[in-house]
$ cat start.cif   # mmCIF, C-alpha atoms and all ligand atoms
data_target
loop_
_atom_site.label_atom_id
_atom_site.label_comp_id
_atom_site.auth_asym_id
_atom_site.auth_seq_id
_atom_site.Cartn_x
_atom_site.Cartn_y
_atom_site.Cartn_z
CA MET W 6 1.56 7.13 -26.52
CA TYR W 7 2.36 4.54 -29.13
CA GLY W 8 5.77 3.66 -30.49
CA GLU W 9 6.57 3.03 -34.13
CA ASP W 10 5.82 -0.67 -33.80
CA GLY W 11 2.35 0.13 -32.46
CA THR W 12 3.09 -0.97 -28.91
CA GLU W 13 2.59 1.41 -26.11
CA SER W 14 5.70 2.98 -24.72
CA CYS W 15 6.41 5.68 -22.23
CA THR W 16 9.69 7.43 -21.67
CA GLU W 17 10.69 9.05 -18.40
CA ALA W 18 10.01 12.49 -19.90
CA GLU W 19 6.52 11.51 -21.03
CA LYS W 20 5.74 10.13 -17.61
CA GLU W 21 6.63 13.46 -16.07
CA ALA W 22 4.62 15.27 -18.70
CA HIS W 23 1.31 13.65 -17.87
CA GLY W 24 2.15 13.37 -14.17
CA GLU W 25 -0.32 10.61 -13.50
CA ALA W 26 1.27 7.97 -11.39
CA VAL W 27 -1.77 5.71 -11.14
CA ARG W 28 -4.61 5.48 -13.60
CA LEU W 29 -7.52 3.08 -13.56
CA GLU W 30 -9.49 3.23 -16.77
CA LYS W 31 -12.97 1.78 -17.12
CA ILE W 32 -12.27 -1.16 -14.91
CA SER W 33 -14.98 -3.75 -14.33
CA PHE W 34 -14.82 -6.53 -11.82
CA GLY W 35 -16.85 -8.81 -9.58
CA TYR W 36 -15.85 -12.03 -7.84
CA GLU W 37 -17.04 -15.23 -9.43
CA GLY W 38 -20.60 -15.85 -8.32
CA GLY W 39 -20.72 -12.47 -6.55
CA ARG W 40 -22.22 -9.14 -7.53
CA GLN W 41 -20.48 -6.66 -9.83
CA LEU W 42 -18.27 -4.42 -7.67
CA PHE W 43 -16.89 -2.12 -10.37
CA SER W 44 -18.37 -1.13 -13.72
CA ASP W 45 -16.33 1.18 -15.94
CA PHE W 46 -14.67 2.65 -12.87
CA ASP W 47 -12.10 5.42 -13.41
CA LEU W 48 -9.55 6.80 -10.98
CA THR W 49 -6.51 8.96 -11.50
CA VAL W 50 -3.89 9.76 -8.91
CA PRO W 51 -1.39 12.41 -9.97
CA GLU W 52 2.22 11.87 -9.06
CA GLY W 53 3.05 12.83 -5.48
CA GLN W 54 -0.60 13.23 -4.46
CA CYS W 55 -2.31 11.43 -1.64
CA VAL W 56 -5.82 10.20 -2.43
CA ALA W 57 -8.06 8.73 0.25
CA ILE W 58 -10.56 6.11 -0.85
CA THR W 59 -13.63 5.85 1.32
CA GLY W 60 -16.86 3.90 1.20
CA GLU W 61 -19.02 1.58 3.24
CA SER W 62 -17.77 -1.82 4.25
CA GLY W 63 -18.20 -4.37 1.47
CA ARG W 64 -18.10 -1.80 -1.32
CA GLY W 65 -14.90 -3.21 -2.78
CA LYS W 66 -12.15 -0.97 -1.39
CA SER W 67 -9.81 -3.85 -0.48
CA THR W 68 -10.66 -5.47 -3.80
CA LEU W 69 -9.55 -2.31 -5.57
CA ALA W 70 -6.17 -2.57 -3.85
CA LYS W 71 -5.92 -6.23 -4.87
CA LEU W 72 -6.75 -5.40 -8.48
CA LEU W 73 -3.95 -2.85 -8.49
CA LEU W 74 -1.59 -5.56 -7.28
CA GLY W 75 -2.86 -7.95 -9.94
CA PHE W 76 -4.18 -10.52 -7.46
CA TYR W 77 -7.30 -10.98 -9.60
CA PRO W 78 -7.77 -10.48 -13.33
CA MET W 79 -10.16 -7.65 -14.21
CA HIS W 80 -13.10 -8.35 -16.51
CA SER W 81 -12.22 -5.31 -18.54
CA GLY W 82 -10.37 -2.02 -18.35
CA ARG W 83 -6.78 -1.23 -17.66
CA ILE W 84 -4.48 -0.08 -14.93
CA GLU W 85 -1.47 2.08 -15.48
CA VAL W 86 1.15 2.44 -12.77
CA GLU W 87 4.00 4.83 -13.47
CA GLY W 88 3.59 4.34 -17.21
CA CYS W 89 3.40 0.55 -16.89
CA ASN W 90 0.19 -0.66 -18.53
CA SER W 91 -1.54 -3.77 -17.17
CA ASN W 92 -2.40 -4.97 -20.67
CA ILE W 93 1.25 -5.03 -21.66
CA CYS W 94 3.46 -5.14 -18.57
CA PRO W 95 3.78 -8.37 -16.58
CA ILE W 96 1.98 -8.25 -13.23
CA SER W 97 5.33 -8.39 -11.44
CA GLY W 98 6.31 -5.14 -13.20
CA LEU W 99 3.32 -3.29 -11.77
CA ARG W 100 3.62 -4.88 -8.35
CA GLU W 101 7.26 -3.87 -8.08
CA LYS W 102 6.20 -0.21 -8.15
CA ILE W 103 3.82 -0.54 -5.22
CA ALA W 104 4.48 -0.69 -1.49
CA TYR W 105 1.37 -2.26 0.00
CA VAL W 106 0.20 -2.26 3.60
CA PRO W 107 -2.70 -4.73 3.78
CA GLN W 108 -5.73 -4.34 6.03
CA GLU W 109 -4.40 -7.03 8.37
CA PRO W 110 -0.61 -6.92 8.14
CA TYR W 111 1.18 -10.19 8.62
CA LEU W 112 4.31 -10.45 10.72
CA PHE W 113 6.65 -13.35 10.13
CA GLY W 114 8.17 -15.42 12.93
CA VAL W 115 11.54 -13.75 12.51
CA SER W 116 13.11 -10.69 14.16
CA ILE W 117 11.48 -7.27 13.83
CA ALA W 118 14.55 -6.15 11.86
CA GLU W 119 13.98 -8.93 9.34
CA ASN W 120 10.26 -8.29 9.27
CA ILE W 121 11.00 -4.73 8.15
CA ALA W 122 13.81 -5.77 5.78
CA TYR W 123 11.38 -8.08 4.00
CA GLY W 124 9.92 -5.03 2.26
CA LYS W 125 13.04 -4.80 0.13
CA SER W 126 12.10 -7.74 -2.03
CA SER W 127 15.16 -7.41 -4.25
CA VAL W 128 17.61 -7.95 -1.38
CA HIS W 129 17.91 -10.84 1.05
CA PRO W 130 16.56 -9.58 4.41
CA GLU W 131 19.84 -10.36 6.17
CA ASP W 132 21.74 -8.19 3.71
CA VAL W 133 19.73 -5.05 4.36
CA PRO W 134 21.89 -2.63 6.40
CA MET W 135 20.67 -1.98 9.93
CA GLU W 136 20.84 1.81 9.36
CA GLU W 137 18.30 1.48 6.57
CA ILE W 138 15.97 -0.57 8.77
CA ILE W 139 16.22 1.98 11.58
CA ALA W 140 15.62 4.89 9.20
CA ALA W 141 12.42 3.23 7.92
CA ALA W 142 11.30 2.46 11.49
CA LYS W 143 11.81 6.10 12.45
CA ILE W 144 9.63 7.31 9.58
CA ALA W 145 7.01 4.76 10.60
CA ASN W 146 7.05 5.97 14.22
CA ALA W 147 8.19 2.52 15.31
CA HIS W 148 11.81 3.07 16.35
CA GLU W 149 11.01 4.24 19.86
CA PHE W 150 8.87 1.28 20.89
CA ILE W 151 11.16 -1.25 19.16
CA GLN W 152 14.14 0.10 21.07
CA LYS W 153 12.31 -0.39 24.35
CA LEU W 154 11.63 -4.08 23.68
CA PRO W 155 13.91 -6.44 25.66
CA GLU W 156 15.75 -7.52 22.54
CA GLY W 157 15.15 -4.43 20.47
CA TYR W 158 15.23 -5.05 16.74
CA GLN W 159 16.11 -8.69 17.35
CA THR W 160 12.79 -9.32 19.14
CA ILE W 161 10.66 -11.94 17.44
CA PRO W 162 7.06 -10.66 17.44
CA GLY W 163 4.27 -12.89 18.63
CA GLU W 164 6.37 -14.86 21.07
CA ARG W 165 4.84 -15.23 24.51
CA GLY W 166 5.27 -12.13 26.61
CA ASN W 167 6.10 -9.74 23.83
CA THR W 168 2.98 -9.70 21.75
CA LEU W 169 2.75 -6.37 20.00
CA SER W 170 -0.32 -4.15 20.01
CA GLY W 171 -2.33 -3.60 16.82
CA GLY W 172 -0.82 -0.15 16.41
CA GLU W 173 2.72 -1.46 16.83
CA ARG W 174 2.17 -4.19 14.25
CA GLN W 175 0.68 -1.59 11.91
CA ARG W 176 3.76 0.61 12.28
CA ILE W 177 6.10 -2.31 11.55
CA ALA W 178 4.07 -2.98 8.41
CA ILE W 179 4.40 0.70 7.46
CA ALA W 180 8.18 0.52 8.02
CA ARG W 181 8.24 -2.54 5.77
CA ALA W 182 6.50 -0.53 3.06
CA VAL W 183 8.71 2.54 3.59
CA ILE W 184 11.96 0.58 3.21
CA ARG W 185 10.71 -0.71 -0.13
CA ASN W 186 11.10 2.81 -1.44
CA ALA W 187 8.56 2.18 -4.20
CA PRO W 188 6.99 5.12 -6.05
CA ILE W 189 3.44 4.15 -5.05
CA PHE W 190 2.22 3.71 -1.51
CA LEU W 191 -0.97 1.68 -1.09
CA LEU W 192 -2.52 1.43 2.36
CA ASP W 193 -5.66 -0.44 3.30
CA GLU W 194 -7.37 0.84 6.46
CA ALA W 195 -4.15 1.36 8.37
CA THR W 196 -5.94 2.96 11.31
CA SER W 197 -9.26 1.10 11.32
CA ALA W 198 -8.71 -1.17 14.33
CA LEU W 199 -6.70 1.13 16.57
CA ASP W 200 -7.33 2.95 19.83
CA ASN W 201 -6.99 6.74 19.88
CA GLU W 202 -3.35 6.88 20.94
CA SER W 203 -2.24 4.32 18.34
CA GLU W 204 -4.36 6.10 15.76
CA ARG W 205 -2.46 9.31 16.45
CA LEU W 206 0.91 7.56 16.18
CA VAL W 207 -0.02 5.75 12.97
CA ASN W 208 -1.48 8.90 11.40
CA ASP W 209 1.72 10.69 12.26
CA ALA W 210 3.68 7.84 10.63
CA LEU W 211 1.48 7.95 7.53
CA ASN W 212 1.85 11.68 7.24
CA ARG W 213 5.62 11.31 7.16
CA ALA W 214 5.70 8.17 5.01
CA CYS W 215 3.44 9.70 2.33
CA LYS W 216 5.54 12.84 1.86
CA GLY W 217 6.58 13.10 -1.77
CA ARG W 218 5.07 9.73 -2.63
CA THR W 219 2.01 8.91 -4.67
CA THR W 220 -0.37 7.45 -2.13
CA LEU W 221 -3.66 5.60 -2.27
CA MET W 222 -5.03 5.37 1.19
CA ILE W 223 -8.14 3.37 1.89
CA ALA W 224 -9.45 4.94 5.07
CA HIS W 225 -12.57 5.46 7.08
CA ARG W 226 -11.34 7.42 10.07
CA GLU W 227 -11.80 11.17 9.71
CA SER W 228 -8.33 11.85 11.10
CA THR W 229 -6.72 9.64 8.45
CA ILE W 230 -8.86 10.97 5.60
CA ALA W 231 -7.77 14.46 6.62
CA LEU W 232 -4.19 13.63 5.58
CA ALA W 233 -5.24 13.26 1.93
CA ASP W 234 -5.13 15.87 -0.85
CA GLU W 235 -8.28 14.42 -2.36
CA VAL W 236 -11.04 12.06 -1.26
CA VAL W 237 -12.76 9.61 -3.57
CA ALA W 238 -15.88 7.82 -2.33
CA ILE W 239 -16.77 4.51 -3.91
N1 LIG W 301 -11.88 -13.45 -2.37
C1 LIG W 301 -13.16 -13.15 -2.46
N2 LIG W 301 -14.03 -13.98 -3.08
C2 LIG W 301 -15.35 -13.67 -3.17
N3 LIG W 301 -15.90 -12.54 -2.68
C3 LIG W 301 -15.09 -11.69 -2.05
C4 LIG W 301 -13.68 -11.93 -1.90
N4 LIG W 301 -13.12 -10.89 -1.24
C5 LIG W 301 -14.13 -10.04 -0.98
N5 LIG W 301 -15.31 -10.50 -1.47
C6 LIG W 301 -16.62 -9.81 -1.41
O1 LIG W 301 -16.52 -8.65 -2.22
C7 LIG W 301 -17.16 -7.55 -1.62
C8 LIG W 301 -16.16 -6.41 -1.42
O2 LIG W 301 -15.18 -6.79 -0.45
P1 LIG W 301 -13.99 -5.85 -0.02
O3 LIG W 301 -13.26 -5.43 -1.24
O4 LIG W 301 -13.22 -6.55 1.03
O5 LIG W 301 -14.80 -4.60 0.56
P2 LIG W 301 -14.31 -3.39 1.51
O6 LIG W 301 -12.81 -3.45 1.61
O7 LIG W 301 -14.83 -2.14 0.85
O8 LIG W 301 -14.98 -3.61 2.83
C9 LIG W 301 -17.77 -8.07 -0.32
O9 LIG W 301 -19.11 -8.38 -0.57
C10 LIG W 301 -16.96 -9.30 -0.01
O10 LIG W 301 -17.69 -10.22 0.70
MG MG W 302 -11.49 -3.67 3.21
#

$ encode --input "start.cif" --output "structure tokens"
Amino acid sequence: MYGEDGTESCTEAEKEAHGEAVRLEKISFGYEGGRQLFSDFDLTVPEGQCVAITGESGRGKSTLAKLLLGFYPMHSGRIEVEGCNSNICPISGLREKIAYVPQEPYLFGVSIAENIAYGKSSVHPEDVPMEEIIAAAKIANAHEFIQKLPEGYQTIPGERGNTLSGGERQRIAIARAVIRNAPIFLLDEATSALDNESERLVNDALNRACKGRTTLMIAHRESTIALADEVVAI
């Protein structure tokens, strides 16, 4: 879709018409000095769909997520997120549309409430209403365990005596992504390092968090892959 001045443009109506929330077109990439990870790779995720991305370790799944976020420049190709084209839009414009849960989520040395509020990058964490934080935690299946902590939402994770489990940290990271309320949800191996009970709780959180959202879910556990509408192996 090109405007009169030759630049690409996309109105809200056009976006709905093609219904593709994420499109990777002929992307090629390899790290400097490393092997080629992607050559003319294509991927389309229709709006509201959940696509699971699978593949052996080292294939480039996490790299794919980082390319979407513009952490590395591609050798060639283009990425379109919600009508925002990587060749034209600033990286910040694309990134703004994505809520990302990295493979190893990082928790800051501040309260759990603030750790969740951080997801709303446009608002100072202290200005995010508590109701919003709790609502996100509920979707992420985190509210119950947070409430049971000695200082509840004011608990600072990682302090001696209240170290959180992998699954609990994962669910805080999911709440952080949920509160962002971005159109695209990007999750990297959210259940890879969890025991069975945590896996169940995180899968349940993912299932709720992905509802009505365009989701790219890098996953290798069968139970997580099963949540997806489509599976793409790379
Ligand atoms: N920052 C980096 N610099 C150089 N090589 C990297 C970097 N990150 C990952 N790699 C390499 O790129 C390949 C793909 O890594 P990654 O995307 O993490 O794979 P996956 O998530 O599928 O396990 C691996 O061989 C890895 O060692
Ligand atoms: Mg990875």

$ closest_atom_pairs --input "start.cif" --of "chain W" --to "ligand MG 302 (chain W)" --cutoff "9 Å" --atoms "all atoms listed in the file" --output "JSON lines"
{"residue": "W:Ser62", "atom": "CA", "partner": "W:MG302", "partner_atom": "MG", "distance": 6.6}
{"residue": "W:Gly63", "atom": "CA", "partner": "W:MG302", "partner_atom": "MG", "distance": 7.0}
{"residue": "W:Arg64", "atom": "CA", "partner": "W:MG302", "partner_atom": "MG", "distance": 8.2}
{"residue": "W:Gly65", "atom": "CA", "partner": "W:MG302", "partner_atom": "MG", "distance": 6.9}
{"residue": "W:Lys66", "atom": "CA", "partner": "W:MG302", "partner_atom": "MG", "distance": 5.4}
{"residue": "W:Ser67", "atom": "CA", "partner": "W:MG302", "partner_atom": "MG", "distance": 4.1}
{"residue": "W:Thr68", "atom": "CA", "partner": "W:MG302", "partner_atom": "MG", "distance": 7.3}
{"residue": "W:Ala70", "atom": "CA", "partner": "W:MG302", "partner_atom": "MG", "distance": 8.9}
{"residue": "W:Pro107", "atom": "CA", "partner": "W:MG302", "partner_atom": "MG", "distance": 8.9}
{"residue": "W:Gln108", "atom": "CA", "partner": "W:MG302", "partner_atom": "MG", "distance": 6.4}
{"residue": "W:Asp193", "atom": "CA", "partner": "W:MG302", "partner_atom": "MG", "distance": 6.7}
{"residue": "W:Glu194", "atom": "CA", "partner": "W:MG302", "partner_atom": "MG", "distance": 6.9}
{"residue": "W:Ile223", "atom": "CA", "partner": "W:MG302", "partner_atom": "MG", "distance": 7.9}

$ residues_around --input "start.cif" --residues "region 112-124 of chain W" --least-positions-apart "2" --cutoff "7 Å" --atoms "only C-alpha atoms" --output "CSV table (one decimal) with C-alpha atoms, in the frame of the given file"
chain,number,residue,atom,x,y,z
W,110,PRO,CA,-0.6,-6.9,8.1
W,126,SER,CA,12.1,-7.7,-2.0
W,130,PRO,CA,16.6,-9.6,4.4
W,131,GLU,CA,19.8,-10.4,6.2
W,133,VAL,CA,19.7,-5.0,4.4
W,138,ILE,CA,16.0,-0.6,8.8
W,158,TYR,CA,15.2,-5.0,16.7
W,159,GLN,CA,16.1,-8.7,17.4
W,160,THR,CA,12.8,-9.3,19.1
W,161,ILE,CA,10.7,-11.9,17.4
W,162,PRO,CA,7.1,-10.7,17.4
W,177,ILE,CA,6.1,-2.3,11.6
W,180,ALA,CA,8.2,0.5,8.0
W,181,ARG,CA,8.2,-2.5,5.8
W,182,ALA,CA,6.5,-0.5,3.1
W,184,ILE,CA,12.0,0.6,3.2
W,185,ARG,CA,10.7,-0.7,-0.1

$ axis_aligned_box --input "start.cif" --around "ligand LIG 301 (chain W)" --padding-each-side "5 Å" --output "AutoDock Vina command-line options"
--center_x -15.5 --center_y -8.1 --center_z -0.2 --size_x 17.2 --size_y 21.8 --size_z 16.0

$ closest_residue --input "start.cif" --among "W:Thr196, W:Gln41, W:Ser97, W:Thr49" --to "ligand LIG 301 (chain W)" --atoms "only C-alpha atoms and all ligand atoms"
W:Gln41

$ closest_residue --input "start.cif" --among "W:Leu48, W:Cys55, W:Ile93, W:Met222" --to "ligand LIG 301 (chain W)" --atoms "only C-alpha atoms and all ligand atoms"
W:Met222

$ residues_near_point --input "start.cif" --point "(-0.5, 5.5, 15.7)" --cutoff "10 Å" --atoms "all atoms listed in the file" --output "short mmCIF file (atom, residue, chain, number, x, y, z; two decimals) with C-alpha atoms, in the coordinates of the input"
data_model
loop_
_atom_site.label_atom_id
_atom_site.label_comp_id
_atom_site.auth_asym_id
_atom_site.auth_seq_id
_atom_site.Cartn_x
_atom_site.Cartn_y
_atom_site.Cartn_z
CA ALA W 145 7.01 4.76 10.60
CA ASN W 146 7.05 5.97 14.22
CA ALA W 147 8.19 2.52 15.31
CA GLY W 171 -2.33 -3.60 16.82
CA GLY W 172 -0.82 -0.15 16.41
CA GLU W 173 2.72 -1.46 16.83
CA GLN W 175 0.68 -1.59 11.91
CA ARG W 176 3.76 0.61 12.28
CA ALA W 195 -4.15 1.36 8.37
CA THR W 196 -5.94 2.96 11.31
CA LEU W 199 -6.70 1.13 16.57
CA ASP W 200 -7.33 2.95 19.83
CA ASN W 201 -6.99 6.74 19.88
CA GLU W 202 -3.35 6.88 20.94
CA SER W 203 -2.24 4.32 18.34
CA GLU W 204 -4.36 6.10 15.76
CA ARG W 205 -2.46 9.31 16.45
CA LEU W 206 0.91 7.56 16.18
CA VAL W 207 -0.02 5.75 12.97
CA ASN W 208 -1.48 8.90 11.40
CA ASP W 209 1.72 10.69 12.26
CA ALA W 210 3.68 7.84 10.63
CA LEU W 211 1.48 7.95 7.53
#

$ closest_residue --input "start.cif" --among "W:Glu149, W:Glu235, W:Glu109, W:Glu61" --to "ligand LIG 301 (chain W)" --atoms "all atoms listed in the file"
W:Glu61

$ atom_distance --input "start.cif" --atom1 "CA of Leu73 (chain W)" --atom2 "CA of Phe43 (chain W)"
13.1 Å

$ closest_residue --input "start.cif" --among "W:Cys215, W:Val50, W:Ala238, W:Ala26" --to "ligand LIG 301 (chain W)" --atoms "only C-alpha atoms and all ligand atoms"
W:Ala238

$ closest_residue --input "start.cif" --among "W:Glu52, W:Glu37, W:Glu227, W:Glu25" --to "ligand LIG 301 (chain W)" --atoms "all atoms listed in the file"
W:Glu37

$ closest_residue --input "start.cif" --among "W:Gly157, W:Pro51, W:Gly217, W:Gly75" --to "Glu87 (chain W)" --atoms "all atoms listed in the file"
W:Pro51

$ atom_distance --input "start.cif" --atom1 "atom C7 of ligand LIG 301 (chain W)" --atom2 "CA of Met79 (chain W)"
14.4 Å

$ atom_distance --input "start.cif" --atom1 "CA of Ile239 (chain W)" --atom2 "CA of Leu192 (chain W)"
15.9 Å

$ residues_around --input "start.cif" --residues "Pro78 (chain W)" --least-positions-apart "5" --cutoff "12 Å" --atoms "all atoms listed in the file" --output "mmCIF file with C-alpha atoms, in the coordinates of the input"
data_model
loop_
_atom_site.group_PDB
_atom_site.id
_atom_site.type_symbol
_atom_site.label_atom_id
_atom_site.label_comp_id
_atom_site.auth_asym_id
_atom_site.auth_seq_id
_atom_site.Cartn_x
_atom_site.Cartn_y
_atom_site.Cartn_z
ATOM 1 C CA ILE W 32 -12.270 -1.160 -14.910
ATOM 2 C CA SER W 33 -14.980 -3.750 -14.330
ATOM 3 C CA PHE W 34 -14.820 -6.530 -11.820
ATOM 4 C CA GLY W 35 -16.850 -8.810 -9.580
ATOM 5 C CA TYR W 36 -15.850 -12.030 -7.840
ATOM 6 C CA GLU W 37 -17.040 -15.230 -9.430
ATOM 7 C CA THR W 68 -10.660 -5.470 -3.800
ATOM 8 C CA LEU W 69 -9.550 -2.310 -5.570
ATOM 9 C CA LYS W 71 -5.920 -6.230 -4.870
ATOM 10 C CA LEU W 72 -6.750 -5.400 -8.480
ATOM 11 C CA LEU W 73 -3.950 -2.850 -8.490
ATOM 12 C CA ARG W 83 -6.780 -1.230 -17.660
ATOM 13 C CA ILE W 84 -4.480 -0.080 -14.930
ATOM 14 C CA SER W 91 -1.540 -3.770 -17.170
ATOM 15 C CA ASN W 92 -2.400 -4.970 -20.670
ATOM 16 C CA ILE W 96 1.980 -8.250 -13.230
#

$ residues_around --input "start.cif" --residues "region 98-103 of chain W" --least-positions-apart "2" --cutoff "8 Å" --atoms "all atoms listed in the file" --output "list in words"
Leu73, Leu74, Gly75, Val86, Glu87, Cys89, Asn90, Ser91, Cys94, Pro95, Ile96, Tyr105, Ala187, Pro188, Ile189, Phe190 and Leu191 of chain W

$ build_atoms --input "start.cif" --residues "region 180-195 of chain W" --atoms "N, CA and C atoms" --output "short mmCIF file (atom, residue, chain, number, x, y, z; two decimals), in the frame of the given file"
data_model
loop_
_atom_site.label_atom_id
_atom_site.label_comp_id
_atom_site.auth_asym_id
_atom_site.auth_seq_id
_atom_site.Cartn_x
_atom_site.Cartn_y
_atom_site.Cartn_z
N ALA W 180 6.71 0.48 8.20
CA ALA W 180 8.18 0.52 8.02
C ALA W 180 8.60 -0.42 6.89
N ARG W 181 7.95 -1.56 6.82
CA ARG W 181 8.24 -2.54 5.77
C ARG W 181 7.93 -1.95 4.39
N ALA W 182 6.86 -1.17 4.33
CA ALA W 182 6.50 -0.53 3.06
C ALA W 182 7.44 0.63 2.75
N VAL W 183 7.83 1.37 3.79
CA VAL W 183 8.71 2.54 3.59
C VAL W 183 10.06 2.09 3.04
N ILE W 184 10.61 1.02 3.60
CA ILE W 184 11.96 0.58 3.21
C ILE W 184 11.98 0.11 1.75
N ARG W 185 10.83 -0.26 1.26
CA ARG W 185 10.71 -0.71 -0.13
C ARG W 185 11.06 0.41 -1.11
N ASN W 186 10.80 1.64 -0.64
CA ASN W 186 11.10 2.81 -1.44
C ASN W 186 10.50 2.76 -2.84
N ALA W 187 9.27 2.28 -2.93
CA ALA W 187 8.56 2.18 -4.20
C ALA W 187 7.87 3.52 -4.49
N PRO W 188 7.62 3.83 -5.76
CA PRO W 188 6.99 5.12 -6.05
C PRO W 188 5.55 5.23 -5.58
N ILE W 189 4.86 4.11 -5.45
CA ILE W 189 3.44 4.15 -5.05
C ILE W 189 3.26 3.49 -3.68
N PHE W 190 2.50 4.18 -2.86
CA PHE W 190 2.22 3.71 -1.51
C PHE W 190 0.73 3.35 -1.48
N LEU W 191 0.41 2.13 -1.10
CA LEU W 191 -0.97 1.68 -1.09
C LEU W 191 -1.31 1.12 0.29
N LEU W 192 -2.21 1.81 0.98
CA LEU W 192 -2.52 1.43 2.36
C LEU W 192 -3.99 1.10 2.50
N ASP W 193 -4.27 -0.04 3.12
CA ASP W 193 -5.66 -0.44 3.30
C ASP W 193 -6.04 -0.34 4.78
N GLU W 194 -6.82 0.67 5.10
CA GLU W 194 -7.37 0.84 6.46
C GLU W 194 -6.32 0.70 7.55
N ALA W 195 -5.26 1.48 7.43
CA ALA W 195 -4.15 1.36 8.37
C ALA W 195 -4.53 1.73 9.80
#
